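Asks: Structure provided below as structure tokens; questions to follow.
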Amino acid sequence: MHLATYLGLLHTSLQTLAGAFREVAKGHGDEPDVEHTCQVLAQRLDGQVDQLTPIVERYGEDREPEPERLHAAEFEETRSGAVGLLRDLQDLYALASFTDMTWTVVGQAAQGLRDKELLQVVSSCEQDTARQLAWLKTRIKQSAPQALIAARG
């Protein structure tokens with residue numbers, strides 16, 4: 001059974017995404033809505049990790065070094081300016097999309113296993129992830145005109 005592989009991938013992606021939200025919050029503190037919302041979303045991701053913990057204890061987890069794509073999306077530092085914010089939000093969106101699809105895959109396994117506890121965790125966390133994606137998409141749409149048309153530098 002390879003569920004442990006995907007649980008490890010999910011665990012890593014949740015932690016990576018939480019860290020990325022925190023980095024964007026710190027790096028774009030001049031945008032109060034971004035700073036606050038990114039901190040809130042990071043905390044929600046911490047909650048997802050907590051919900052995942054009993055599942056990982058039951059099925060195990062294989063942490064593979066493979067998620068190079070995941071590590072490439074990690075934020076060592078944020079970009080500056082309006083275009084930098086736009087690009088950082090896009091990176092968050094890409095990482096959140098990866099996390100969303102990983103929840104979907106784990107959810108399919110939960111259905112196959114008829115694991116009600118795992119199905120409940122997946123359902124709850126997929127809703128959180130959908131809210132993250134919706135906020136990111138809205139904030140990207142809000143930022144794009146200013147960054148691409150009006151901003152200088």
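In the structure tokens, the first chain shown is A, the next is B, and so on; residue numbers restart at 1 for each chain, and ligands run from 1 in the order shown.
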Considering only C-alpha atoms, return as JSON, numbers by chain whatever protein or nucleic-acid residues lie within 10 Å of A:Ala109, sequence-local ones (same chain, fewer than 3 positions apart) excluded.
Replies: {"A": [1, 2, 3, 6, 103, 104, 105, 106, 112, 113, 114, 115, 118, 119]}
Asks: Which residues of stretch 20-58 of chain A come within 12 Å of stretch 124-148 of chain A, and for each one, what is the closest pair of atoms and their distance in Å to one decimal, counting only C-alpha atoms, sorted by chain and residue number, as CSV?
Replies:
residue,atom,partner,partner_atom,distance
A:Phe21,CA,A:Gln132,CA,10.3
A:Val24,CA,A:Leu136,CA,12.0
A:Glu31,CA,A:Ser143,CA,10.8
A:Asp33,CA,A:Arg139,CA,9.5
A:Val34,CA,A:Arg139,CA,8.4
A:Thr37,CA,A:Trp135,CA,8.8
A:Cys38,CA,A:Gln132,CA,9.2
A:Gln39,CA,A:Gln132,CA,11.7
A:Val40,CA,A:Gln132,CA,10.1
A:Leu41,CA,A:Gln132,CA,6.9
A:Ala42,CA,A:Gln132,CA,9.8
A:Gln43,CA,A:Asp128,CA,11.2
A:Arg44,CA,A:Asp128,CA,7.6
A:Leu45,CA,A:Asp128,CA,8.3
A:Asp46,CA,A:Cys125,CA,11.0
A:Gly47,CA,A:Cys125,CA,9.0
A:Gln48,CA,A:Cys125,CA,6.2
A:Val49,CA,A:Cys125,CA,9.5
A:Asp50,CA,A:Cys125,CA,10.9
A:Gln51,CA,A:Cys125,CA,8.5
A:Leu52,CA,A:Cys125,CA,9.3
Asks: Find the spatial neighbours of stretch 78-87 of chain A, counting only C-alpha atoms, within a cut-off of 6 Å - ignore same-chain residues fewer than 2 positions away - and output them as a list of chain:residue names.
Replies: A:Gly27, A:Leu89, A:Gln90, A:Ala147
Asks: Deliver the residues from the most recent selection as a file, using all heavy atoms, as an mmCIF file, in the first residue's frame.
Replies:
data_model
loop_
_atom_site.group_PDB
_atom_site.id
_atom_site.type_symbol
_atom_site.label_atom_id
_atom_site.label_comp_id
_atom_site.auth_asym_id
_atom_site.auth_seq_id
_atom_site.Cartn_x
_atom_site.Cartn_y
_atom_site.Cartn_z
ATOM 1 N N GLY A 27 7.163 39.161 4.641
ATOM 2 C CA GLY A 27 7.778 39.931 3.565
ATOM 3 C C GLY A 27 6.896 41.008 2.965
ATOM 4 O O GLY A 27 7.385 41.932 2.313
ATOM 5 N N LEU A 89 2.229 35.611 -4.524
ATOM 6 C CA LEU A 89 0.874 35.063 -4.423
ATOM 7 C C LEU A 89 0.671 33.923 -5.418
ATOM 8 O O LEU A 89 0.028 32.923 -5.098
ATOM 9 C CB LEU A 89 -0.168 36.165 -4.639
ATOM 10 C CG LEU A 89 -0.267 37.234 -3.546
ATOM 11 C CD1 LEU A 89 -1.191 38.366 -3.995
ATOM 12 C CD2 LEU A 89 -0.716 36.644 -2.221
ATOM 13 N N GLN A 90 1.224 34.069 -6.610
ATOM 14 C CA GLN A 90 1.126 32.987 -7.595
ATOM 15 C C GLN A 90 1.856 31.736 -7.117
ATOM 16 O O GLN A 90 1.370 30.623 -7.309
ATOM 17 C CB GLN A 90 1.698 33.423 -8.943
ATOM 18 C CG GLN A 90 0.736 34.230 -9.764
ATOM 19 C CD GLN A 90 1.285 34.454 -11.151
ATOM 20 O OE1 GLN A 90 1.998 35.432 -11.380
ATOM 21 N NE2 GLN A 90 0.958 33.564 -12.054
ATOM 22 N N ALA A 147 -0.124 46.011 -10.264
ATOM 23 C CA ALA A 147 1.245 45.555 -10.477
ATOM 24 C C ALA A 147 1.674 45.648 -11.939
ATOM 25 O O ALA A 147 2.806 46.000 -12.241
ATOM 26 C CB ALA A 147 1.400 44.111 -9.991
#
Asks: I'd like the interatomic distance between atom CA of A:Tyr59 and atom CA of A:Ser123, to a tenth of an Å.
Replies: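 Going from atom CA of A:Tyr59 over to atom CA of A:Ser123 covers 18.2 Å.
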Asks: Counting only C-alpha atoms, what is within 8 Å of A:Asp62, bar same-chain residues fewer than 4 positions away, as a list of chain:residue names?
Replies: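 My list of contacting residues is A:Ala4, A:Thr5, A:Tyr6, A:Leu7, A:Gly8, A:Leu9.
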Asks: Now that the selection is made, can you save its residues with C-alpha atoms as an mmCIF file, in the first residue's frame?
Replies:
data_model
loop_
_atom_site.group_PDB
_atom_site.id
_atom_site.type_symbol
_atom_site.label_atom_id
_atom_site.label_comp_id
_atom_site.auth_asym_id
_atom_site.auth_seq_id
_atom_site.Cartn_x
_atom_site.Cartn_y
_atom_site.Cartn_z
ATOM 1 C CA ALA A 4 2.059 6.166 3.468
ATOM 2 C CA THR A 5 3.929 7.771 0.569
ATOM 3 C CA TYR A 6 1.075 10.192 -0.077
ATOM 4 C CA LEU A 7 0.603 10.898 3.607
ATOM 5 C CA GLY A 8 4.274 11.868 3.760
ATOM 6 C CA LEU A 9 3.882 14.021 0.678
#
Asks: Can you tell me, as a PyMOL selection string, which residues in stretch 35-144 of chain A count as alpha helix (DSSP H) by DSSP?
Replies: chain A and resi 35-59+68-72+81-113+116-144
